[in-house]
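Pasted below: upload27.cif, mmCIF, C-alpha atoms and all ligand atoms.
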data_model
#
loop_
_atom_site.label_atom_id
_atom_site.label_comp_id
_atom_site.auth_asym_id
_atom_site.auth_seq_id
_atom_site.Cartn_x
_atom_site.Cartn_y
_atom_site.Cartn_z
CA MET A 1 -104.15 222.85 -37.49
CA PRO A 2 -103.57 222.30 -33.79
CA GLU A 3 -105.51 219.32 -32.45
CA LEU A 4 -106.09 217.83 -29.01
CA PRO A 5 -102.50 216.60 -28.41
CA ASP A 6 -100.93 219.88 -29.56
CA LEU A 7 -103.29 221.95 -27.45
CA GLU A 8 -103.02 219.70 -24.42
CA VAL A 9 -99.25 220.15 -24.44
CA ILE A 10 -99.63 223.92 -24.77
CA ARG A 11 -101.99 223.80 -21.81
CA GLN A 12 -99.54 221.77 -19.74
CA VAL A 13 -96.69 224.14 -20.55
CA LEU A 14 -98.64 227.35 -19.96
CA ALA A 15 -100.59 226.43 -16.81
CA PRO A 16 -97.67 226.74 -14.34
CA LYS A 17 -96.29 229.80 -16.15
CA LEU A 18 -99.50 231.82 -16.35
CA THR A 19 -101.40 230.93 -13.18
CA GLY A 20 -101.17 233.88 -10.81
CA GLN A 21 -99.78 236.24 -13.47
CA THR A 22 -101.58 239.50 -14.10
CA ILE A 23 -102.12 241.02 -17.53
CA VAL A 24 -100.56 244.48 -17.32
CA ASP A 25 -101.12 245.53 -20.92
CA VAL A 26 -103.03 244.31 -23.98
CA GLU A 27 -102.06 245.07 -27.55
CA VAL A 28 -104.62 244.19 -30.19
CA VAL A 29 -102.50 244.23 -33.34
CA ARG A 30 -105.25 242.91 -35.61
CA PRO A 31 -108.77 243.11 -34.20
CA LEU A 32 -110.24 240.62 -36.71
CA VAL A 33 -109.85 237.59 -34.42
CA VAL A 34 -111.09 239.28 -31.24
CA ARG A 35 -114.60 238.46 -30.00
CA ASP A 36 -115.49 240.48 -26.94
CA LEU A 37 -118.61 238.74 -25.67
CA THR A 38 -118.62 240.98 -22.57
CA HIS A 39 -119.16 244.05 -24.79
CA GLN A 40 -117.14 246.00 -22.23
CA GLY A 41 -114.08 246.47 -24.44
CA PHE A 42 -111.58 243.66 -24.94
CA ALA A 43 -108.30 245.37 -24.03
CA GLU A 44 -109.84 247.52 -21.30
CA THR A 45 -111.56 244.58 -19.62
CA LEU A 46 -108.58 242.23 -19.90
CA THR A 47 -106.04 244.67 -18.51
CA GLY A 48 -105.49 244.04 -14.81
CA GLN A 49 -106.97 240.53 -14.88
CA THR A 50 -105.12 237.62 -13.28
CA PHE A 51 -104.92 234.10 -14.74
CA ALA A 52 -106.52 231.49 -12.47
CA ASP A 53 -105.57 228.42 -14.55
CA VAL A 54 -105.16 227.12 -18.10
CA LEU A 55 -107.66 224.52 -19.29
CA ARG A 56 -108.66 222.89 -22.56
CA ARG A 57 -111.94 221.67 -23.96
CA GLY A 58 -111.84 220.02 -27.38
CA LYS A 59 -109.84 222.35 -29.60
CA ILE A 60 -110.43 225.40 -27.41
CA LEU A 61 -107.86 226.65 -24.93
CA LEU A 62 -109.39 228.26 -21.87
CA PHE A 63 -107.76 230.83 -19.65
CA PRO A 64 -110.08 231.33 -16.69
CA LEU A 65 -109.40 234.62 -14.92
CA GLU A 66 -109.77 235.32 -11.23
CA SER A 67 -112.62 237.73 -11.96
CA GLY A 68 -114.77 234.89 -13.32
CA LEU A 69 -114.31 235.91 -16.95
CA THR A 70 -112.61 233.52 -19.36
CA LEU A 71 -110.28 234.18 -22.25
CA ALA A 72 -110.89 231.39 -24.77
CA ILE A 73 -108.82 230.77 -27.89
CA ASN A 74 -109.87 228.67 -30.86
CA CYS A 75 -106.81 228.39 -33.09
CA LYS A 76 -108.76 226.97 -36.05
CA LEU A 77 -106.51 226.38 -39.07
CA ALA A 78 -103.38 228.34 -38.33
CA GLY A 79 -103.50 229.91 -34.87
CA ARG A 80 -100.39 229.68 -32.71
CA LEU A 81 -99.56 230.73 -29.18
CA GLN A 82 -96.18 232.10 -28.23
CA TYR A 83 -94.81 232.65 -24.74
CA ALA A 84 -91.88 234.97 -25.09
CA LEU A 85 -89.80 237.84 -23.83
CA PRO A 86 -90.76 241.23 -25.30
CA ASP A 87 -87.65 241.40 -27.51
CA GLU A 88 -88.14 237.92 -29.00
CA ARG A 89 -89.28 237.93 -32.58
CA ARG A 90 -93.02 237.83 -33.04
CA LEU A 91 -94.79 235.16 -35.07
CA THR A 92 -96.02 236.06 -38.54
CA LYS A 93 -99.33 237.86 -38.25
CA THR A 94 -99.29 238.26 -34.52
CA GLN A 95 -102.80 239.35 -33.67
CA VAL A 96 -102.95 239.86 -29.91
CA VAL A 97 -100.20 240.43 -27.34
CA LEU A 98 -100.77 240.16 -23.59
CA CYS A 99 -98.00 241.66 -21.45
CA LEU A 100 -97.70 239.83 -18.14
CA SER A 101 -96.59 240.89 -14.69
CA ASN A 102 -93.58 238.53 -14.92
CA GLY A 103 -92.20 240.54 -17.85
CA ARG A 104 -93.15 237.93 -20.45
CA GLN A 105 -95.72 238.09 -23.19
CA LEU A 106 -98.41 235.67 -24.28
CA ARG A 107 -98.99 236.22 -27.99
CA TYR A 108 -101.53 234.89 -30.44
CA GLY A 109 -100.40 234.67 -34.06
CA ASP A 110 -102.56 233.47 -36.92
CA ARG A 111 -101.37 233.44 -40.54
CA LYS A 112 -104.90 233.01 -41.82
CA SER A 113 -106.68 235.18 -39.25
CA MET A 114 -109.36 232.49 -39.03
CA GLY A 115 -109.11 231.74 -35.31
CA GLN A 116 -111.01 233.45 -32.53
CA VAL A 117 -109.96 234.99 -29.25
CA TYR A 118 -113.01 235.27 -27.01
CA LEU A 119 -113.49 237.14 -23.79
CA THR A 120 -116.63 235.94 -22.08
CA ASP A 121 -118.39 235.43 -18.77
CA SER A 122 -120.21 232.38 -20.13
CA LEU A 123 -118.59 229.45 -21.94
CA ALA A 124 -121.95 228.52 -23.44
CA ALA A 125 -121.80 231.78 -25.41
CA ILE A 126 -118.86 230.48 -27.42
CA PRO A 127 -120.18 229.29 -30.79
CA GLY A 128 -120.26 225.48 -30.98
CA TRP A 129 -119.57 225.05 -27.26
CA THR A 130 -122.80 223.30 -26.36
CA GLU A 131 -122.62 220.91 -29.33
CA MET A 132 -119.14 219.68 -28.44
CA GLY A 133 -118.90 215.96 -27.75
CA PRO A 134 -117.08 214.50 -24.74
CA GLU A 135 -113.32 214.51 -24.36
CA PRO A 136 -111.92 211.40 -26.08
CA LEU A 137 -109.49 210.76 -23.22
CA ASP A 138 -112.24 210.98 -20.58
CA ILE A 139 -114.82 208.79 -22.25
CA THR A 140 -115.24 205.07 -21.42
CA LEU A 141 -115.68 202.41 -24.11
CA GLU A 142 -119.37 202.22 -23.20
CA GLY A 143 -119.69 205.99 -23.51
CA PHE A 144 -117.88 205.91 -26.85
CA VAL A 145 -120.21 203.21 -28.19
CA GLU A 146 -123.16 205.35 -27.12
CA GLN A 147 -121.73 208.47 -28.75
CA LEU A 148 -121.00 206.63 -32.01
CA GLY A 149 -124.56 205.33 -32.01
CA ARG A 150 -125.79 208.90 -32.34
CA HIS A 151 -123.62 209.82 -35.32
CA ARG A 152 -123.75 208.44 -38.82
CA GLY A 153 -121.49 208.70 -41.81
CA GLU A 154 -117.90 207.76 -42.55
CA ILE A 155 -115.84 207.04 -39.46
CA LYS A 156 -113.27 209.73 -40.19
CA GLY A 157 -116.05 212.28 -40.47
CA VAL A 158 -117.61 211.09 -37.21
CA LEU A 159 -114.25 211.48 -35.44
CA THR A 160 -113.46 214.93 -36.83
CA ARG A 161 -116.87 216.60 -36.65
CA GLY A 162 -116.44 217.24 -32.93
CA LYS A 163 -119.89 216.11 -31.89
CA ALA A 164 -119.22 212.43 -31.11
CA VAL A 165 -115.88 213.30 -29.48
CA ALA A 166 -114.14 216.68 -29.28
CA GLY A 167 -110.66 217.76 -30.29
CA ILE A 168 -109.76 215.36 -33.12
CA GLY A 169 -108.95 216.86 -36.50
CA ASN A 170 -107.78 215.67 -39.89
CA ALA A 171 -104.28 214.61 -38.86
CA TYR A 172 -105.05 212.61 -35.73
CA ALA A 173 -108.16 211.04 -37.29
CA ASP A 174 -105.89 209.56 -39.99
CA GLU A 175 -103.53 208.29 -37.30
CA ILE A 176 -106.36 206.78 -35.24
CA CYS A 177 -107.94 205.00 -38.25
CA PHE A 178 -104.51 203.62 -39.19
CA ALA A 179 -103.81 202.41 -35.66
CA ALA A 180 -107.27 200.80 -35.59
CA ARG A 181 -106.61 199.21 -39.03
CA LEU A 182 -109.89 200.67 -40.28
CA TYR A 183 -110.58 202.14 -43.70
CA PRO A 184 -111.39 205.81 -42.92
CA PHE A 185 -114.38 205.90 -45.28
CA ARG A 186 -116.15 202.93 -43.71
CA LYS A 187 -119.66 203.83 -42.64
CA ARG A 188 -119.92 203.98 -38.89
CA THR A 189 -122.99 201.73 -39.08
CA SER A 190 -120.90 198.98 -40.73
CA LEU A 191 -118.48 198.66 -37.81
CA SER A 192 -118.65 195.51 -35.70
CA ASP A 193 -118.41 195.67 -31.90
CA GLU A 194 -114.84 194.42 -32.16
CA GLU A 195 -113.96 197.17 -34.66
CA ILE A 196 -115.49 199.86 -32.45
CA THR A 197 -113.39 198.57 -29.54
CA ARG A 198 -110.31 198.75 -31.77
CA LEU A 199 -111.20 202.31 -32.77
CA TYR A 200 -111.64 203.30 -29.13
CA GLU A 201 -108.34 201.76 -28.07
CA ALA A 202 -106.53 203.34 -31.03
CA MET A 203 -108.00 206.74 -30.14
CA GLN A 204 -106.70 206.44 -26.57
CA SER A 205 -103.24 205.19 -27.47
CA VAL A 206 -102.65 207.55 -30.41
CA LEU A 207 -103.67 210.64 -28.43
CA LEU A 208 -101.82 209.66 -25.23
CA ASP A 209 -98.65 208.69 -27.09
CA ALA A 210 -98.76 211.94 -29.09
CA ILE A 211 -99.13 214.04 -25.93
CA ALA A 212 -96.15 212.28 -24.32
CA THR A 213 -93.98 212.66 -27.43
CA LEU A 214 -94.96 216.27 -28.07
CA ARG A 215 -94.36 217.18 -24.47
CA GLU A 216 -90.73 216.13 -24.90
CA ARG A 217 -90.25 217.52 -28.36
CA VAL A 218 -92.00 220.88 -28.03
CA GLY A 219 -90.47 221.86 -24.70
CA ASN A 220 -91.33 225.51 -24.07
CA GLU A 221 -91.49 226.31 -27.79
CA ILE A 222 -95.26 226.08 -27.86
CA HIS A 223 -95.52 228.00 -31.15
CA ARG A 224 -93.81 225.11 -32.97
CA GLU A 225 -96.11 222.62 -34.58
CA VAL A 226 -94.40 219.23 -34.46
CA ARG A 227 -95.95 216.81 -36.92
CA ASP A 228 -93.15 214.44 -37.85
CA LEU A 229 -94.31 211.98 -35.18
CA LEU A 230 -97.31 211.17 -37.38
CA VAL A 231 -97.18 207.80 -39.11
CA VAL A 232 -99.56 208.13 -42.09
CA HIS A 233 -100.85 211.69 -42.15
CA ASN A 234 -99.05 213.71 -44.85
CA LYS A 235 -97.03 210.62 -45.77
CA SER A 236 -98.62 210.15 -49.17
CA GLY A 237 -96.44 207.98 -51.41
CA GLN A 238 -94.16 206.94 -48.58
CA PRO A 239 -93.89 203.36 -47.34
CA CYS A 240 -96.36 202.14 -44.72
CA PRO A 241 -94.38 201.51 -41.51
CA VAL A 242 -96.31 198.27 -40.92
CA CYS A 243 -96.52 196.51 -44.29
CA GLY A 244 -94.16 198.51 -46.48
CA GLY A 245 -96.91 199.28 -49.01
CA VAL A 246 -97.42 202.81 -50.29
CA ILE A 247 -99.50 205.28 -48.27
CA SER A 248 -102.51 206.37 -50.34
CA THR A 249 -104.24 209.74 -50.33
CA VAL A 250 -107.84 210.54 -51.11
CA LYS A 251 -108.85 214.16 -51.48
CA ALA A 252 -112.46 214.99 -50.74
CA GLN A 253 -114.25 218.03 -49.34
CA ASN A 254 -111.09 220.12 -49.28
CA ARG A 255 -109.09 217.75 -47.17
CA ALA A 256 -106.74 214.88 -47.72
CA THR A 257 -107.06 211.52 -46.05
CA ASP A 258 -103.93 209.40 -45.88
CA PHE A 259 -104.12 205.68 -45.22
CA CYS A 260 -102.71 202.28 -46.18
CA ARG A 261 -104.87 200.25 -48.53
CA THR A 262 -103.31 197.02 -47.25
CA CYS A 263 -103.52 197.66 -43.51
CA GLN A 264 -106.87 199.46 -43.76
CA PRO A 265 -108.77 197.51 -46.39
CA GLY A 266 -112.34 198.12 -47.41
CA GLY A 267 -114.69 200.10 -49.54
CA LEU A 268 -114.41 201.16 -53.12
CA ILE A 269 -111.18 202.60 -54.40
CA ARG A 270 -111.84 206.32 -54.40
CA GLY A 271 -109.79 209.15 -55.82
ZN ZN B 301 -99.72 199.08 -44.44
#

Please lay out the structure from this file as structure tokens.
Ligand SMILES: [Zn+2]
Amino acid sequence: MPELPDLEVIRQVLAPKLTGQTIVDVEVVRPLVVRDLTHQGFAETLTGQTFADVLRRGKILLFPLESGLTLAINCKLAGRLQYALPDERRLTKTQVVLCLSNGRQLRYGDRKSMGQVYLTDSLAAIPGWTEMGPEPLDITLEGFVEQLGRHRGEIKGVLTRGKAVAGIGNAYADEICFAARLYPFRKRTSLSDEEITRLYEAMQSVLLDAIATLRERVGNEIHREVRDLLVVHNKSGQPCPVCGGVISTVKAQNRATDFCRTCQPGGLIRG
């Protein structure tokens, strides 16, 4: 699942390539993911539009168009973007293809067809938009403390739910909890001021470091999901890079949480 660092790198790569390009043709291969909130016809409305910029908010990529409309993509579990020449092989389950005036194509592929490709004149019309918390890389420590104060539950859940901060998913939440040396199932209300500061600093450094590393590793191959930079996520049974202990996994609510019981002590042993 693409998260803030993955999407931020895609944004950085695409912004200079797309800005000023016009969409000359639209192919909707699988209409399931398309949400035309303009009700004017997705392909018809999009054809002839020019990209004004590429932005990101939380886990949503935004492609504002010069007309004032916005194309917004929520990749959800398995969505991928591909910037390619027409004869380059398409991703599995390519859903939407935009042909650009520079001869390239912007494609959206989604193995699970669970993502959404919106066309809208109002961002607030995108489901979940108004509930999204602030950007974790824009928020101050004071702002973070305030946001946490509004959300209860286990810290991993608070980080991933998108309401306290936006854009963090299962993988980067594991990395942030590890970097903060906090047990992911600790109740938010049990955190001391010093622990909240550690969580905030870990969130900043993990996300910023990941963006810098991905930027180098992904290059222009934005459809590639690079995950081997992660330290604990998906490393179940492997040695902890800090203490050498074994990375543990707890499965709950259809997702796995990976952490080190030595570096991130606390709570009951679950799972
Ligand atoms: Zn450890």

- line: Of A:Lys187, A:Lys93, A:Lys156, A:Arg255, the one nearest to A:Val29 when counting all atoms listed in the file is A:Lys93

task: Compare A:Arg181, A:Ile222, A:Leu7, A:Leu46 by their minimum atom-to-atom distance to A:Pro265, counting only C-alpha atoms, and give me the closest one.
output: A:Arg181

query: Leaving out stretch 228-238 of chain A and any residue of its chain fewer than 3 positions from it, which residues lie within 12 Å of it when counting only C-alpha atoms, given as a PyMOL selection string?
result: chain A and resi 5-6+169-179+181+206-207+209-218+224-225+241-251+255-261+263-264

Within 10 Å of stretch 48-59 of chain A, counting all atoms listed in the file, which residues show up once you throw out same-chain ones fewer than 5 positions away? Write them as a PDB file with C-alpha atoms, in the frame of the given file, please.
ATOM      1  CA  MET A   1    -104.150 222.850 -37.490  1.00  0.00           C
ATOM      2  CA  PRO A   2    -103.570 222.300 -33.790  1.00  0.00           C
ATOM      3  CA  GLU A   3    -105.510 219.320 -32.450  1.00  0.00           C
ATOM      4  CA  LEU A   4    -106.090 217.830 -29.010  1.00  0.00           C
ATOM      5  CA  PRO A   5    -102.500 216.600 -28.410  1.00  0.00           C
ATOM      6  CA  ASP A   6    -100.930 219.880 -29.560  1.00  0.00           C
ATOM      7  CA  LEU A   7    -103.290 221.950 -27.450  1.00  0.00           C
ATOM      8  CA  GLU A   8    -103.020 219.700 -24.420  1.00  0.00           C
ATOM      9  CA  VAL A   9     -99.250 220.150 -24.440  1.00  0.00           C
ATOM     10  CA  ILE A  10     -99.630 223.920 -24.770  1.00  0.00           C
ATOM     11  CA  ARG A  11    -101.990 223.800 -21.810  1.00  0.00           C
ATOM     12  CA  GLN A  12     -99.540 221.770 -19.740  1.00  0.00           C
ATOM     13  CA  VAL A  13     -96.690 224.140 -20.550  1.00  0.00           C
ATOM     14  CA  LEU A  14     -98.640 227.350 -19.960  1.00  0.00           C
ATOM     15  CA  ALA A  15    -100.590 226.430 -16.810  1.00  0.00           C
ATOM     16  CA  PRO A  16     -97.670 226.740 -14.340  1.00  0.00           C
ATOM     17  CA  LYS A  17     -96.290 229.800 -16.150  1.00  0.00           C
ATOM     18  CA  LEU A  18     -99.500 231.820 -16.350  1.00  0.00           C
ATOM     19  CA  THR A  19    -101.400 230.930 -13.180  1.00  0.00           C
ATOM     20  CA  GLY A  20    -101.170 233.880 -10.810  1.00  0.00           C
ATOM     21  CA  GLN A  21     -99.780 236.240 -13.470  1.00  0.00           C
ATOM     22  CA  THR A  22    -101.580 239.500 -14.100  1.00  0.00           C
ATOM     23  CA  ILE A  23    -102.120 241.020 -17.530  1.00  0.00           C
ATOM     24  CA  VAL A  24    -100.560 244.480 -17.320  1.00  0.00           C
ATOM     25  CA  ASP A  25    -101.120 245.530 -20.920  1.00  0.00           C
ATOM     26  CA  VAL A  26    -103.030 244.310 -23.980  1.00  0.00           C
ATOM     27  CA  ALA A  43    -108.300 245.370 -24.030  1.00  0.00           C
ATOM     28  CA  PRO A  64    -110.080 231.330 -16.690  1.00  0.00           C
ATOM     29  CA  LEU A  65    -109.400 234.620 -14.920  1.00  0.00           C
ATOM     30  CA  GLU A  66    -109.770 235.320 -11.230  1.00  0.00           C
ATOM     31  CA  SER A  67    -112.620 237.730 -11.960  1.00  0.00           C
ATOM     32  CA  GLY A  68    -114.770 234.890 -13.320  1.00  0.00           C
ATOM     33  CA  LEU A  69    -114.310 235.910 -16.950  1.00  0.00           C
ATOM     34  CA  THR A  70    -112.610 233.520 -19.360  1.00  0.00           C
ATOM     35  CA  LEU A  71    -110.280 234.180 -22.250  1.00  0.00           C
ATOM     36  CA  ALA A  72    -110.890 231.390 -24.770  1.00  0.00           C
ATOM     37  CA  ILE A  73    -108.820 230.770 -27.890  1.00  0.00           C
ATOM     38  CA  ASN A  74    -109.870 228.670 -30.860  1.00  0.00           C
ATOM     39  CA  CYS A  75    -106.810 228.390 -33.090  1.00  0.00           C
ATOM     40  CA  LYS A  76    -108.760 226.970 -36.050  1.00  0.00           C
ATOM     41  CA  LEU A 100     -97.700 239.830 -18.140  1.00  0.00           C
ATOM     42  CA  SER A 101     -96.590 240.890 -14.690  1.00  0.00           C
ATOM     43  CA  TRP A 129    -119.570 225.050 -27.260  1.00  0.00           C
ATOM     44  CA  MET A 132    -119.140 219.680 -28.440  1.00  0.00           C
ATOM     45  CA  GLY A 133    -118.900 215.960 -27.750  1.00  0.00           C
ATOM     46  CA  PRO A 134    -117.080 214.500 -24.740  1.00  0.00           C
ATOM     47  CA  GLU A 135    -113.320 214.510 -24.360  1.00  0.00           C
ATOM     48  CA  PRO A 136    -111.920 211.400 -26.080  1.00  0.00           C
ATOM     49  CA  GLY A 162    -116.440 217.240 -32.930  1.00  0.00           C
ATOM     50  CA  VAL A 165    -115.880 213.300 -29.480  1.00  0.00           C
ATOM     51  CA  ALA A 166    -114.140 216.680 -29.280  1.00  0.00           C
ATOM     52  CA  GLY A 167    -110.660 217.760 -30.290  1.00  0.00           C
ATOM     53  CA  ILE A 168    -109.760 215.360 -33.120  1.00  0.00           C
ATOM     54  CA  GLY A 169    -108.950 216.860 -36.500  1.00  0.00           C
TER      55      GLY A 169
END

- request: Would you please work out which residue, of A:Leu191, A:Ala180, A:Leu123, A:Gly219, is nearest to ligand ZN 301 (chain B) when using only C-alpha atoms and all ligand atoms?
  value: A:Ala180

Please write a file for stretch 99-120 of chain A, taken from the block I just shared, that holds N, CA, C and O atoms and is laid out as a compact mmCIF listing (two decimals), in the first residue's frame.
# COMPACT_ATOMS: atom_id res chain seq x y z
N CYS A 99 -3.46 9.79 -22.26
CA CYS A 99 -2.44 10.06 -23.28
C CYS A 99 -2.15 11.55 -23.26
O CYS A 99 -3.07 12.38 -23.29
N LEU A 100 -0.87 11.89 -23.18
CA LEU A 100 -0.46 13.28 -22.98
C LEU A 100 0.08 13.90 -24.26
O LEU A 100 0.53 13.19 -25.17
N SER A 101 0.08 15.22 -24.27
CA SER A 101 0.54 15.94 -25.46
C SER A 101 2.03 15.74 -25.73
O SER A 101 2.51 15.98 -26.83
N ASN A 102 2.80 15.27 -24.74
CA ASN A 102 4.23 15.01 -24.98
C ASN A 102 4.48 13.59 -25.50
O ASN A 102 5.62 13.14 -25.56
N GLY A 103 3.41 12.87 -25.83
CA GLY A 103 3.56 11.53 -26.38
C GLY A 103 3.64 10.44 -25.33
O GLY A 103 3.65 9.25 -25.66
N ARG A 104 3.67 10.82 -24.06
CA ARG A 104 3.74 9.82 -22.99
C ARG A 104 2.34 9.50 -22.49
O ARG A 104 1.36 10.15 -22.85
N GLN A 105 2.30 8.51 -21.60
CA GLN A 105 1.03 8.15 -20.99
C GLN A 105 1.18 8.14 -19.47
O GLN A 105 2.20 7.72 -18.95
N LEU A 106 0.15 8.61 -18.80
CA LEU A 106 0.04 8.42 -17.35
C LEU A 106 -1.01 7.34 -17.14
O LEU A 106 -2.15 7.48 -17.61
N ARG A 107 -0.60 6.25 -16.50
CA ARG A 107 -1.51 5.11 -16.35
C ARG A 107 -1.75 4.83 -14.88
O ARG A 107 -0.87 5.00 -14.05
N TYR A 108 -2.96 4.37 -14.60
CA TYR A 108 -3.28 3.91 -13.25
C TYR A 108 -3.59 2.43 -13.30
O TYR A 108 -4.51 2.01 -14.00
N GLY A 109 -2.81 1.64 -12.60
CA GLY A 109 -3.03 0.20 -12.51
C GLY A 109 -3.38 -0.16 -11.08
O GLY A 109 -2.93 0.49 -10.13
N ASP A 110 -4.21 -1.18 -10.91
CA ASP A 110 -4.67 -1.53 -9.56
C ASP A 110 -5.09 -3.00 -9.56
O ASP A 110 -6.17 -3.34 -10.03
N ARG A 111 -4.21 -3.85 -9.02
CA ARG A 111 -4.47 -5.29 -9.01
C ARG A 111 -5.77 -5.64 -8.30
O ARG A 111 -6.43 -6.61 -8.62
N LYS A 112 -6.11 -4.87 -7.29
CA LYS A 112 -7.30 -5.19 -6.50
C LYS A 112 -8.51 -4.34 -6.88
O LYS A 112 -9.60 -4.54 -6.34
N SER A 113 -8.31 -3.40 -7.75
CA SER A 113 -9.40 -2.49 -8.17
C SER A 113 -10.11 -1.85 -6.98
O SER A 113 -11.31 -1.63 -7.01
N MET A 114 -9.34 -1.57 -5.93
CA MET A 114 -9.95 -0.97 -4.73
C MET A 114 -9.71 0.53 -4.63
O MET A 114 -10.31 1.19 -3.78
N GLY A 115 -8.82 1.06 -5.45
CA GLY A 115 -8.54 2.49 -5.41
C GLY A 115 -9.64 3.29 -6.09
O GLY A 115 -10.62 2.73 -6.59
N GLN A 116 -9.46 4.61 -6.06
CA GLN A 116 -10.44 5.49 -6.71
C GLN A 116 -9.73 6.57 -7.50
O GLN A 116 -8.72 7.11 -7.06
N VAL A 117 -10.28 6.86 -8.65
CA VAL A 117 -9.78 7.94 -9.50
C VAL A 117 -10.94 8.94 -9.64
O VAL A 117 -11.92 8.66 -10.32
N TYR A 118 -10.81 10.05 -8.92
CA TYR A 118 -11.90 11.04 -8.90
C TYR A 118 -11.64 12.15 -9.90
O TYR A 118 -10.50 12.58 -10.09
N LEU A 119 -12.72 12.65 -10.46
CA LEU A 119 -12.66 13.92 -11.17
C LEU A 119 -13.68 14.82 -10.50
O LEU A 119 -14.86 14.47 -10.40
N THR A 120 -13.21 15.96 -10.00
CA THR A 120 -14.11 16.77 -9.17
C THR A 120 -13.78 18.26 -9.27
O THR A 120 -12.65 18.64 -9.58
